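Enquirer: Structure incoming, see below.
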Amino acid sequence: MLASYGVSRTLTPIVIRLLLRGEHARREEHRSPTALDRFHDRFNQGFDRFRDYYTWLLARILERRRATPLVGLAVVASAAALTFFVGSDFFPRVDAGLIALHVRAKPLTRVEHTEEIFQQVEDIVHEVIPARDLDLILDNIGLPQRTYNLAFGSQTMIGTNDGQILIALKEGHEPTLSYLRRLRREMRLRHPDLLTYFEPADMVTQILNFGIPAQIDIQVQGPARDKNLQIAQDIRREMAAVPGLIDVHIHQELNAPELKYEVDRSRALELSQQMQSIANNVNISLSSSQQVAPNLWTDQTTGTPYYLAVQTPEYRLQNLNDLENTPIATASTGGGTVTNTLGNIARLKRQSIQTVYSHSNVQNVFDVYAGVQNRDLGSVASEVSKIMAENETHLAPGNHIIVRGQIESMNSAFERLTLGLVFAAVFVYLLMVVNYQSFIDPLAVILALPGAGAGIVLMLFVTGTSLSIPSLMGAIMAVGVASANSILLVTFAREQRAAGHTPMEAALSAGRTRIRPVLMTAAAMIVGMLPMAIGAPGEEQNAVLARAVIGGLIVGTITTLLFVPYLYSVFGRFDAGSEPGEARPAGGQA
C-alpha cells in the first residue's frame, strides 16, 4: 500500500500526461481511430447508460427516507441470522494427501502379533484406496529401544501393541476426507477390538493442534484419581454421542493385564531374603541388569563403549512355571547355601492396571481426545462446553476439567481479532473526525461497513465455508477497501456541499461522479482474488480468505454506491459546519 501510494503520486501523473497528449494529438490531426479506440468509445457509451440508470436509481433511494434504512437493517439482520448456519473453525481443513492412522491392539500384545494385525489393516487400506491414488505406506510399530529416540516419533505410541500407519496419496487423488470415512467404517466393521483413530498428518494441522494428536483434548486433572477416571469415562461416553465428534477415546491405557507377586514376608525372613534382593533379581531376569545397575564395557582396541547387560533369554520364559522358577539370590545359612525361587516365597495374583500415566503440574491427568468431521468446530465446542459444565459439578475439591487444542486457540484468536476490529473501526472513525473536522460525516462511512460484513457472511454461506482466522483476515481486507471507497465518495460530497449544494444534491453528484473509480477499485480486487478463491487441494486456507474478500467487496460496493449517499444526505442536514455557501476548505482530498 505504501509503495502503490508513492507510485500514484509520482509515476501515474506522468503516464497520464503522456497518454492524454497522444489522444489530443490524434483528435487534432483527425487520425482514424484504432480498434482499441473504437472499443474504448463503445465501452464509454455503455458505461454512460449504466451511470444514467444508477443516477436514476440513487435519486429514488434518496427520496425513500424510511424504506431505505429498513432495507439496510433487513440485509444486516439476514446476514446475522446466516452466521448460525455458517459456523466457525479455527483454520480450514487442508487436504495435503496424507493420512496418519493410529492402531492400538489389546494391551501388552507382543510385537510380532502386532505386526500381523498391522498387515491386516494394510490389506484394508489397499482395498479402500485404489492403486492409482496410493503412493506410500509406512508402518511405525512399538517404541524405540533408547528413550532419546522418542523425541523424533509420535508421542501417542505407548508400547509393543501400539503403532501408526502413514499413508501418502499421489497427486490428483480423490478427496482425502472420503478415504478417511471409508477407512473408519471398514475398521469398525472388521476390527471392532482395535482402537483406531486418525491423527493430524499434515504439518499445518499438527502446528495448529500444538502437538496434540486430536483437535480437542479434554483433560481431567487432580489428585482424586479414581473419581477423575469415572468422570473422564462419562465425558468420553457423552462426547461420543455428539454429532460431528469422531474418534473419541481416552488416551491412557487403563486395563492392561498384570501378574502381581505378593511376597510372603514371614517366609522371606525365615529364608534370610530381603525385598530389595527379590525385586532386583526379578527385574534383572525380565528387564536386564541395565534397569538396576547400568554398566559400560570399553573396547581397549577401538575405545568404543558398549552397554553390558545380563538378562534371562526370552525363550527360557515361556509360561508361568518358568517365571515362578526364577532363581533368587542365594541366601547364606549356618549349614551352607540355599537357592530359592520366586514361587517359593511369593504368591501370584492377576489384576488389571493402568500402563500410561500422564501428569500436568504434578497432578494426575486423564485425556479425552476427539476429532471433528461433517460439522464446524464452533458448534461442537458449544456442546462440549455443556458437557464440561455438567461434569464439573461432580469433581472433588481441587480437581479441574481443562479444554486444550483448537477450541482454546480458536476462542482466544476470535476474541483478539474481534477486539482488534473494534479498535480499528474506532481509530478510523477518529482519524476521519480529525480530517473532516466533523463528528457526523464519518458516520456515513462507519455505518456502511456492516454491508461488507453481510457480503462476507453471504459468500461463506453460499460456498459452504465456515468462519475462520483466514476468513477474518479477508474480512479486514474487504472492510479496508470498502471504507476507502466510502471515504472517496464522502469527500467529494463534502466538496459539493462547500460549493453550495444541498446534502441530497451533493450525495447524488458524488455517487454519479465517483461510481467509476469505486467500481474499478472493487473489480480489480475481485478479479485478482478469483484464482485464489477456486482453491486447489492444499490451498483451502487461501481460498477461504479470497472468498471473504470477494463477498465483502461485492456487497460492500453496492452499499457504498447506494447506502452511503443516503446516509450522507441524512447526516448532512445535522452538520452545521457544512452549510451551503460557507467557504470552508474541505478536508481529505481523494
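In the C-alpha cells, chains take the letters A, B, ... in the order shown, each chain's residues start at 1, and ligands count up from 1 in the order shown.
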Among region 165-268 of chain A, which ones does DSSP assign to strand (DSSP E) (computed from the backbone)? Answer as a VMD selection string.

Expert: chain A and resid 165 to 169 195 to 199 216 to 221 245 to 250 256 to 263

Enquirer: Using only N, CA and C atoms, please write the residues we just selected to a file, as an mmCIF file, in the first residue's frame.

Expert:
```
data_model
loop_
_atom_site.group_PDB
_atom_site.id
_atom_site.type_symbol
_atom_site.label_atom_id
_atom_site.label_comp_id
_atom_site.auth_asym_id
_atom_site.auth_seq_id
_atom_site.Cartn_x
_atom_site.Cartn_y
_atom_site.Cartn_z
ATOM 1 N N ILE A 165 0.235 -45.961 11.088
ATOM 2 C CA ILE A 165 0.369 -46.238 9.660
ATOM 3 C C ILE A 165 0.273 -44.915 8.919
ATOM 4 N N LEU A 166 1.356 -44.522 8.258
ATOM 5 C CA LEU A 166 1.402 -43.279 7.487
ATOM 6 C C LEU A 166 1.127 -43.602 6.025
ATOM 7 N N ILE A 167 0.173 -42.886 5.441
ATOM 8 C CA ILE A 167 -0.257 -43.140 4.062
ATOM 9 C C ILE A 167 -0.103 -41.849 3.275
ATOM 10 N N ALA A 168 0.585 -41.924 2.150
ATOM 11 C CA ALA A 168 0.748 -40.778 1.248
ATOM 12 C C ALA A 168 0.006 -41.064 -0.048
ATOM 13 N N LEU A 169 -0.760 -40.093 -0.523
ATOM 14 C CA LEU A 169 -1.535 -40.235 -1.752
ATOM 15 C C LEU A 169 -0.826 -39.515 -2.899
ATOM 16 N N LEU A 195 -8.459 -50.253 18.820
ATOM 17 C CA LEU A 195 -8.678 -48.818 18.963
ATOM 18 C C LEU A 195 -7.982 -48.124 17.795
ATOM 19 N N THR A 196 -8.767 -47.539 16.907
ATOM 20 C CA THR A 196 -8.216 -46.865 15.733
ATOM 21 C C THR A 196 -8.754 -45.442 15.669
ATOM 22 N N TYR A 197 -7.888 -44.532 15.321
ATOM 23 C CA TYR A 197 -8.281 -43.140 15.119
ATOM 24 C C TYR A 197 -7.254 -42.482 14.212
ATOM 25 N N PHE A 198 -7.630 -41.350 13.650
ATOM 26 C CA PHE A 198 -6.769 -40.658 12.700
ATOM 27 C C PHE A 198 -6.143 -39.433 13.368
ATOM 28 N N GLU A 199 -4.839 -39.344 13.265
ATOM 29 C CA GLU A 199 -4.101 -38.209 13.796
ATOM 30 C C GLU A 199 -3.858 -37.178 12.684
ATOM 31 N N ILE A 216 -9.423 -31.795 19.686
ATOM 32 C CA ILE A 216 -9.982 -31.489 21.004
ATOM 33 C C ILE A 216 -9.334 -32.401 22.034
ATOM 34 N N ASP A 217 -8.919 -31.814 23.138
ATOM 35 C CA ASP A 217 -8.339 -32.567 24.250
ATOM 36 C C ASP A 217 -8.973 -32.053 25.537
ATOM 37 N N ILE A 218 -9.788 -32.907 26.175
ATOM 38 C CA ILE A 218 -10.417 -32.570 27.449
ATOM 39 C C ILE A 218 -9.612 -33.262 28.545
ATOM 40 N N GLN A 219 -9.000 -32.492 29.400
ATOM 41 C CA GLN A 219 -8.167 -33.033 30.471
ATOM 42 C C GLN A 219 -8.898 -32.946 31.809
ATOM 43 N N VAL A 220 -8.924 -34.076 32.514
ATOM 44 C CA VAL A 220 -9.437 -34.120 33.878
ATOM 45 C C VAL A 220 -8.230 -34.215 34.798
ATOM 46 N N GLN A 221 -7.971 -33.154 35.549
ATOM 47 C CA GLN A 221 -6.763 -33.052 36.358
ATOM 48 C C GLN A 221 -7.116 -33.016 37.838
ATOM 49 N N LEU A 245 -18.565 -35.265 16.318
ATOM 50 C CA LEU A 245 -17.363 -35.690 17.030
ATOM 51 C C LEU A 245 -17.017 -37.126 16.642
ATOM 52 N N ILE A 246 -15.771 -37.377 16.303
ATOM 53 C CA ILE A 246 -15.324 -38.698 15.855
ATOM 54 C C ILE A 246 -14.075 -39.089 16.630
ATOM 55 N N ASP A 247 -13.771 -40.369 16.592
ATOM 56 C CA ASP A 247 -12.552 -40.917 17.208
ATOM 57 C C ASP A 247 -12.417 -40.489 18.665
ATOM 58 N N VAL A 248 -13.517 -40.523 19.404
ATOM 59 C CA VAL A 248 -13.488 -40.129 20.814
ATOM 60 C C VAL A 248 -12.926 -41.289 21.628
ATOM 61 N N HIS A 249 -11.873 -41.032 22.386
ATOM 62 C CA HIS A 249 -11.253 -42.091 23.178
ATOM 63 C C HIS A 249 -10.428 -41.472 24.298
ATOM 64 N N ILE A 250 -10.163 -42.284 25.313
ATOM 65 C CA ILE A 250 -9.265 -41.885 26.398
ATOM 66 C C ILE A 250 -7.860 -42.345 26.030
ATOM 67 N N ALA A 256 -4.683 -52.977 31.231
ATOM 68 C CA ALA A 256 -3.657 -53.943 30.832
ATOM 69 C C ALA A 256 -3.569 -55.064 31.868
ATOM 70 N N PRO A 257 -3.420 -56.322 31.447
ATOM 71 C CA PRO A 257 -3.299 -57.429 32.412
ATOM 72 C C PRO A 257 -1.937 -57.410 33.108
ATOM 73 N N GLU A 258 -1.929 -57.789 34.357
ATOM 74 C CA GLU A 258 -0.694 -57.773 35.129
ATOM 75 C C GLU A 258 -0.633 -59.016 36.016
ATOM 76 N N LEU A 259 0.555 -59.549 36.139
ATOM 77 C CA LEU A 259 0.827 -60.615 37.093
ATOM 78 C C LEU A 259 1.548 -59.990 38.288
ATOM 79 N N LYS A 260 0.894 -59.993 39.427
ATOM 80 C CA LYS A 260 1.473 -59.387 40.623
ATOM 81 C C LYS A 260 1.844 -60.478 41.619
ATOM 82 N N TYR A 261 3.101 -60.451 42.061
ATOM 83 C CA TYR A 261 3.574 -61.405 43.056
ATOM 84 C C TYR A 261 3.657 -60.698 44.415
ATOM 85 N N GLU A 262 2.904 -61.214 45.350
ATOM 86 C CA GLU A 262 2.934 -60.693 46.718
ATOM 87 C C GLU A 262 3.876 -61.561 47.550
ATOM 88 N N VAL A 263 4.929 -60.958 48.031
ATOM 89 C CA VAL A 263 5.962 -61.695 48.784
ATOM 90 C C VAL A 263 5.459 -62.022 50.190
#
```

Enquirer: For the structure I just gave you, how does DSSP split region 280-414 of chain A - specifically, which residues are alpha helix (DSSP H)? Reply as a PyMOL selection string.

Expert: chain A and resi 280-287+320-324+342-345+377-392+406-414

Enquirer: Taking C-alpha atoms for each residue, export the selection above as a PDB file, in the first residue's frame.

Expert:
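Saved as again12.pdb:
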```
ATOM      1  CA  ASN A 280      16.403 -56.840  41.856  1.00  0.00           C
ATOM      2  CA  ASN A 281      16.600 -60.488  40.847  1.00  0.00           C
ATOM      3  CA  VAL A 282      13.178 -60.456  39.168  1.00  0.00           C
ATOM      4  CA  ASN A 283      13.897 -57.136  37.461  1.00  0.00           C
ATOM      5  CA  ILE A 284      17.261 -58.345  36.126  1.00  0.00           C
ATOM      6  CA  SER A 285      15.705 -61.545  34.806  1.00  0.00           C
ATOM      7  CA  LEU A 286      12.840 -59.804  32.997  1.00  0.00           C
ATOM      8  CA  SER A 287      14.268 -56.383  32.045  1.00  0.00           C
ATOM      9  CA  LEU A 320       4.110 -69.139  34.392  1.00  0.00           C
ATOM     10  CA  ASN A 321       6.022 -72.175  35.633  1.00  0.00           C
ATOM     11  CA  ASP A 322       9.228 -70.799  34.122  1.00  0.00           C
ATOM     12  CA  LEU A 323       8.539 -67.446  35.729  1.00  0.00           C
ATOM     13  CA  GLU A 324       7.957 -68.918  39.173  1.00  0.00           C
ATOM     14  CA  LEU A 342      10.177 -66.741  43.176  1.00  0.00           C
ATOM     15  CA  GLY A 343       7.300 -69.189  43.554  1.00  0.00           C
ATOM     16  CA  ASN A 344       8.731 -70.382  46.872  1.00  0.00           C
ATOM     17  CA  ILE A 345       8.432 -67.015  48.586  1.00  0.00           C
ATOM     18  CA  LEU A 377     -15.679 -26.662  15.361  1.00  0.00           C
ATOM     19  CA  GLY A 378     -17.639 -23.774  16.882  1.00  0.00           C
ATOM     20  CA  SER A 379     -20.962 -25.613  17.155  1.00  0.00           C
ATOM     21  CA  VAL A 380     -19.222 -28.707  18.509  1.00  0.00           C
ATOM     22  CA  ALA A 381     -17.358 -26.566  21.049  1.00  0.00           C
ATOM     23  CA  SER A 382     -20.634 -25.237  22.462  1.00  0.00           C
ATOM     24  CA  GLU A 383     -21.876 -28.777  23.141  1.00  0.00           C
ATOM     25  CA  VAL A 384     -18.526 -29.797  24.608  1.00  0.00           C
ATOM     26  CA  SER A 385     -18.741 -26.809  26.960  1.00  0.00           C
ATOM     27  CA  LYS A 386     -22.130 -28.008  28.178  1.00  0.00           C
ATOM     28  CA  ILE A 387     -20.739 -31.498  28.857  1.00  0.00           C
ATOM     29  CA  MET A 388     -17.818 -29.998  30.773  1.00  0.00           C
ATOM     30  CA  ALA A 389     -20.121 -27.774  32.834  1.00  0.00           C
ATOM     31  CA  GLU A 390     -22.313 -30.744  33.796  1.00  0.00           C
ATOM     32  CA  ASN A 391     -19.368 -32.923  34.865  1.00  0.00           C
ATOM     33  CA  GLU A 392     -17.545 -30.172  36.729  1.00  0.00           C
ATOM     34  CA  GLN A 406      -8.078 -25.955  18.649  1.00  0.00           C
ATOM     35  CA  ILE A 407     -11.113 -24.938  20.742  1.00  0.00           C
ATOM     36  CA  GLU A 408      -8.956 -22.984  23.166  1.00  0.00           C
ATOM     37  CA  SER A 409      -6.891 -21.471  20.338  1.00  0.00           C
ATOM     38  CA  MET A 410      -9.965 -20.579  18.279  1.00  0.00           C
ATOM     39  CA  ASN A 411     -11.759 -18.822  21.138  1.00  0.00           C
ATOM     40  CA  SER A 412      -8.651 -16.851  22.047  1.00  0.00           C
ATOM     41  CA  ALA A 413      -7.914 -15.854  18.436  1.00  0.00           C
ATOM     42  CA  PHE A 414     -11.526 -14.850  17.716  1.00  0.00           C
TER      43      PHE A 414
END
```

Enquirer: Looking at A:Leu62, A:Val368, A:Val362, A:Ala548, which one is nearest to Ala214 (chain A), with distances taken over only C-alpha atoms?

Expert: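 When distances to Ala214 (chain A) are compared using only C-alpha atoms, the smallest one comes from A:Val368.
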
Enquirer: Would you mind listing what lies within 12 Å of Val481 (chain A) as a PyMOL selection string, with only C-alpha atoms counted and same-chain residues fewer than 6 positions away left out?

Expert: chain A and resi 1+445+449+452+474-475+487-488+517-526+549-550+552-557+560

Enquirer: I'd like to know which of A:Arg184, A:Ser178, A:Asn399, A:Ser289 is closest to Leu229 (chain A), using only C-alpha atoms.

Expert: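 Among the listed residues, A:Asn399 lies closest to Leu229 (chain A).
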
Enquirer: Separation of CA of Arg514 (chain A) and CA of Gly480 (chain A), in Å?

Expert: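 Going from CA of Arg514 (chain A) over to CA of Gly480 (chain A), I get 17.5 Å.
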
Enquirer: Calculated over only C-alpha atoms, which of the candidates A:Thr312, A:Ser486, A:Asn44, A:Gln541 has the smallest distance to Leu567 (chain A)?

Expert: A:Ser486

Enquirer: Please determine, counting only C-alpha atoms, which residue among A:Pro442, A:Pro397, A:Pro69, A:Pro107 has the shortest atom-to-atom distance to Tyr566 (chain A).

Expert: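 Ranked by minimum distance to Tyr566 (chain A), first place goes to A:Pro69.
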
Enquirer: With a distance cut-off of 8 Å and only C-alpha atoms, select the neighbouring residues of region 464-470 of chain A, excluding the residue or stretch itself and same-chain residues fewer than 4 positions from it, and output the selection as a PyMOL selection string.

Expert: chain A and resi 86-92+376+413-414+460+474+541-542+544-545

Enquirer: With N, CA and C atoms retained, export the selected residues as an mmCIF file, in the first residue's frame.

Expert:
```
data_model
loop_
_atom_site.group_PDB
_atom_site.id
_atom_site.type_symbol
_atom_site.label_atom_id
_atom_site.label_comp_id
_atom_site.auth_asym_id
_atom_site.auth_seq_id
_atom_site.Cartn_x
_atom_site.Cartn_y
_atom_site.Cartn_z
ATOM 1 N N VAL A 86 -23.459 -20.682 9.092
ATOM 2 C CA VAL A 86 -22.103 -20.693 8.545
ATOM 3 C C VAL A 86 -21.159 -21.479 9.450
ATOM 4 N N GLY A 87 -21.276 -21.260 10.761
ATOM 5 C CA GLY A 87 -20.397 -21.956 11.695
ATOM 6 C C GLY A 87 -19.023 -21.314 11.770
ATOM 7 N N SER A 88 -18.178 -21.858 12.613
ATOM 8 C CA SER A 88 -16.837 -21.298 12.811
ATOM 9 C C SER A 88 -15.831 -22.425 13.028
ATOM 10 N N ASP A 89 -14.637 -22.201 12.495
ATOM 11 C CA ASP A 89 -13.500 -23.108 12.672
ATOM 12 C C ASP A 89 -12.270 -22.280 12.979
ATOM 13 N N PHE A 90 -11.281 -22.935 13.570
ATOM 14 C CA PHE A 90 -10.026 -22.240 13.821
ATOM 15 C C PHE A 90 -9.317 -21.967 12.491
ATOM 16 N N PHE A 91 -9.045 -23.019 11.726
ATOM 17 C CA PHE A 91 -8.490 -22.917 10.381
ATOM 18 C C PHE A 91 -9.193 -23.958 9.514
ATOM 19 N N PRO A 92 -9.338 -23.724 8.223
ATOM 20 C CA PRO A 92 -9.952 -24.733 7.349
ATOM 21 C C PRO A 92 -9.113 -26.001 7.294
ATOM 22 N N ASP A 376 -18.868 -27.899 11.957
ATOM 23 C CA ASP A 376 -17.879 -26.890 12.283
ATOM 24 C C ASP A 376 -17.456 -27.006 13.743
ATOM 25 N N ALA A 413 -8.200 -16.617 19.657
ATOM 26 C CA ALA A 413 -7.914 -15.854 18.436
ATOM 27 C C ALA A 413 -9.116 -15.024 18.012
ATOM 28 N N PHE A 414 -10.331 -15.592 18.098
ATOM 29 C CA PHE A 414 -11.526 -14.850 17.716
ATOM 30 C C PHE A 414 -11.732 -13.638 18.623
ATOM 31 N N LEU A 460 -19.611 -16.830 2.375
ATOM 32 C CA LEU A 460 -19.218 -18.032 3.101
ATOM 33 C C LEU A 460 -20.354 -19.043 3.137
ATOM 34 N N GLY A 474 -9.457 -11.983 5.585
ATOM 35 C CA GLY A 474 -10.074 -11.479 4.362
ATOM 36 C C GLY A 474 -11.107 -10.408 4.654
ATOM 37 N N GLN A 541 -6.863 -22.808 2.817
ATOM 38 C CA GLN A 541 -6.779 -21.635 3.682
ATOM 39 C C GLN A 541 -6.771 -20.351 2.867
ATOM 40 N N ASN A 542 -6.024 -20.323 1.765
ATOM 41 C CA ASN A 542 -6.028 -19.139 0.912
ATOM 42 C C ASN A 542 -7.376 -18.943 0.239
ATOM 43 N N VAL A 544 -10.329 -19.608 1.434
ATOM 44 C CA VAL A 544 -11.263 -19.006 2.386
ATOM 45 C C VAL A 544 -11.051 -17.501 2.464
ATOM 46 N N LEU A 545 -9.802 -17.073 2.509
ATOM 47 C CA LEU A 545 -9.500 -15.640 2.560
ATOM 48 C C LEU A 545 -10.031 -14.932 1.320
#
```

Enquirer: Compare A:Gln252, A:Ser569, A:Asn435, A:Thr326 by their minimum atom-to-atom distance to Asp367 (chain A), counting only C-alpha atoms, and give me the closest one.

Expert: A:Gln252

Enquirer: Provide the CA of Arg49 (chain A) to CA of Met504 (chain A) distance in Å, to one decimal place.

Expert: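 If I compute the distance from CA of Arg49 (chain A) to CA of Met504 (chain A), I get 21.9 Å.
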
Enquirer: Residues within 7 Å of Ala79 (chain A), please, as a PDB file with all heavy atoms, in the first residue's frame. Count only C-alpha atoms; anything in the same chain fewer than 2 positions from it doesn't count.

Expert:
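Result file follows (result.pdb):
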```
ATOM      1  N   VAL A  75     -31.134  -6.434   5.509  1.00  0.00           N
ATOM      2  CA  VAL A  75     -29.983  -7.135   4.943  1.00  0.00           C
ATOM      3  C   VAL A  75     -29.002  -7.529   6.043  1.00  0.00           C
ATOM      4  O   VAL A  75     -28.514  -8.667   6.099  1.00  0.00           O
ATOM      5  CB  VAL A  75     -29.288  -6.247   3.887  1.00  0.00           C
ATOM      6  CG1 VAL A  75     -27.962  -6.877   3.446  1.00  0.00           C
ATOM      7  CG2 VAL A  75     -30.196  -6.040   2.692  1.00  0.00           C
ATOM      8  N   VAL A  76     -28.706  -6.603   6.945  1.00  0.00           N
ATOM      9  CA  VAL A  76     -27.770  -6.892   8.027  1.00  0.00           C
ATOM     10  C   VAL A  76     -28.331  -7.964   8.962  1.00  0.00           C
ATOM     11  O   VAL A  76     -27.621  -8.863   9.415  1.00  0.00           O
ATOM     12  CB  VAL A  76     -27.437  -5.601   8.800  1.00  0.00           C
ATOM     13  CG1 VAL A  76     -26.571  -5.912  10.015  1.00  0.00           C
ATOM     14  CG2 VAL A  76     -26.730  -4.608   7.891  1.00  0.00           C
ATOM     15  N   ALA A  77     -29.645  -7.883   9.268  1.00  0.00           N
ATOM     16  CA  ALA A  77     -30.260  -8.885  10.145  1.00  0.00           C
ATOM     17  C   ALA A  77     -30.236 -10.269   9.494  1.00  0.00           C
ATOM     18  O   ALA A  77     -30.005 -11.282  10.173  1.00  0.00           O
ATOM     19  CB  ALA A  77     -31.687  -8.476  10.480  1.00  0.00           C
ATOM     20  N   ALA A  81     -28.409 -13.634  10.878  1.00  0.00           N
ATOM     21  CA  ALA A  81     -29.071 -14.932  11.039  1.00  0.00           C
ATOM     22  C   ALA A  81     -28.297 -16.041  10.332  1.00  0.00           C
ATOM     23  O   ALA A  81     -28.257 -17.189  10.801  1.00  0.00           O
ATOM     24  CB  ALA A  81     -30.494 -14.858  10.500  1.00  0.00           C
ATOM     25  N   LEU A  82     -27.639 -15.708   9.213  1.00  0.00           N
ATOM     26  CA  LEU A  82     -26.881 -16.724   8.473  1.00  0.00           C
ATOM     27  C   LEU A  82     -25.645 -17.183   9.236  1.00  0.00           C
ATOM     28  O   LEU A  82     -25.124 -18.273   8.964  1.00  0.00           O
ATOM     29  CB  LEU A  82     -26.466 -16.171   7.100  1.00  0.00           C
ATOM     30  CG  LEU A  82     -27.536 -16.112   6.018  1.00  0.00           C
ATOM     31  CD1 LEU A  82     -26.967 -15.525   4.742  1.00  0.00           C
ATOM     32  CD2 LEU A  82     -28.130 -17.490   5.753  1.00  0.00           C
ATOM     33  N   THR A  83     -25.159 -16.355  10.154  1.00  0.00           N
ATOM     34  CA  THR A  83     -23.967 -16.753  10.909  1.00  0.00           C
ATOM     35  C   THR A  83     -24.192 -18.040  11.699  1.00  0.00           C
ATOM     36  O   THR A  83     -23.247 -18.791  11.950  1.00  0.00           O
ATOM     37  CB  THR A  83     -23.544 -15.630  11.869  1.00  0.00           C
ATOM     38  OG1 THR A  83     -24.649 -15.302  12.731  1.00  0.00           O
ATOM     39  CG2 THR A  83     -23.128 -14.388  11.097  1.00  0.00           C
ATOM     40  N   ALA A 454     -22.006  -8.216   5.802  1.00  0.00           N
ATOM     41  CA  ALA A 454     -23.104  -9.043   5.291  1.00  0.00           C
ATOM     42  C   ALA A 454     -22.681  -9.804   4.036  1.00  0.00           C
ATOM     43  O   ALA A 454     -23.034 -10.980   3.853  1.00  0.00           O
ATOM     44  CB  ALA A 454     -24.324  -8.168   5.005  1.00  0.00           C
ATOM     45  N   VAL A 457     -20.467 -12.844   5.059  1.00  0.00           N
ATOM     46  CA  VAL A 457     -21.248 -13.964   5.592  1.00  0.00           C
ATOM     47  C   VAL A 457     -22.016 -14.660   4.472  1.00  0.00           C
ATOM     48  O   VAL A 457     -22.090 -15.897   4.424  1.00  0.00           O
ATOM     49  CB  VAL A 457     -22.201 -13.461   6.693  1.00  0.00           C
ATOM     50  CG1 VAL A 457     -23.113 -14.586   7.156  1.00  0.00           C
ATOM     51  CG2 VAL A 457     -21.408 -12.904   7.868  1.00  0.00           C
ATOM     52  N   LEU A 458     -22.582 -13.883   3.559  1.00  0.00           N
ATOM     53  CA  LEU A 458     -23.349 -14.473   2.456  1.00  0.00           C
ATOM     54  C   LEU A 458     -22.462 -15.330   1.564  1.00  0.00           C
ATOM     55  O   LEU A 458     -22.843 -16.447   1.179  1.00  0.00           O
ATOM     56  CB  LEU A 458     -24.011 -13.366   1.646  1.00  0.00           C
ATOM     57  CG  LEU A 458     -24.825 -13.815   0.422  1.00  0.00           C
ATOM     58  CD1 LEU A 458     -25.979 -14.714   0.845  1.00  0.00           C
ATOM     59  CD2 LEU A 458     -25.337 -12.614  -0.354  1.00  0.00           C
TER      60      LEU A 458
END
```

Enquirer: From the set A:Ile328, A:Leu19, A:Ala100, A:Ile61, which residue has the shortest atom-to-atom contact distance to Met275 (chain A), counting only C-alpha atoms?

Expert: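 Residue with the minimum atom-to-atom distance to Met275 (chain A): A:Ile328.
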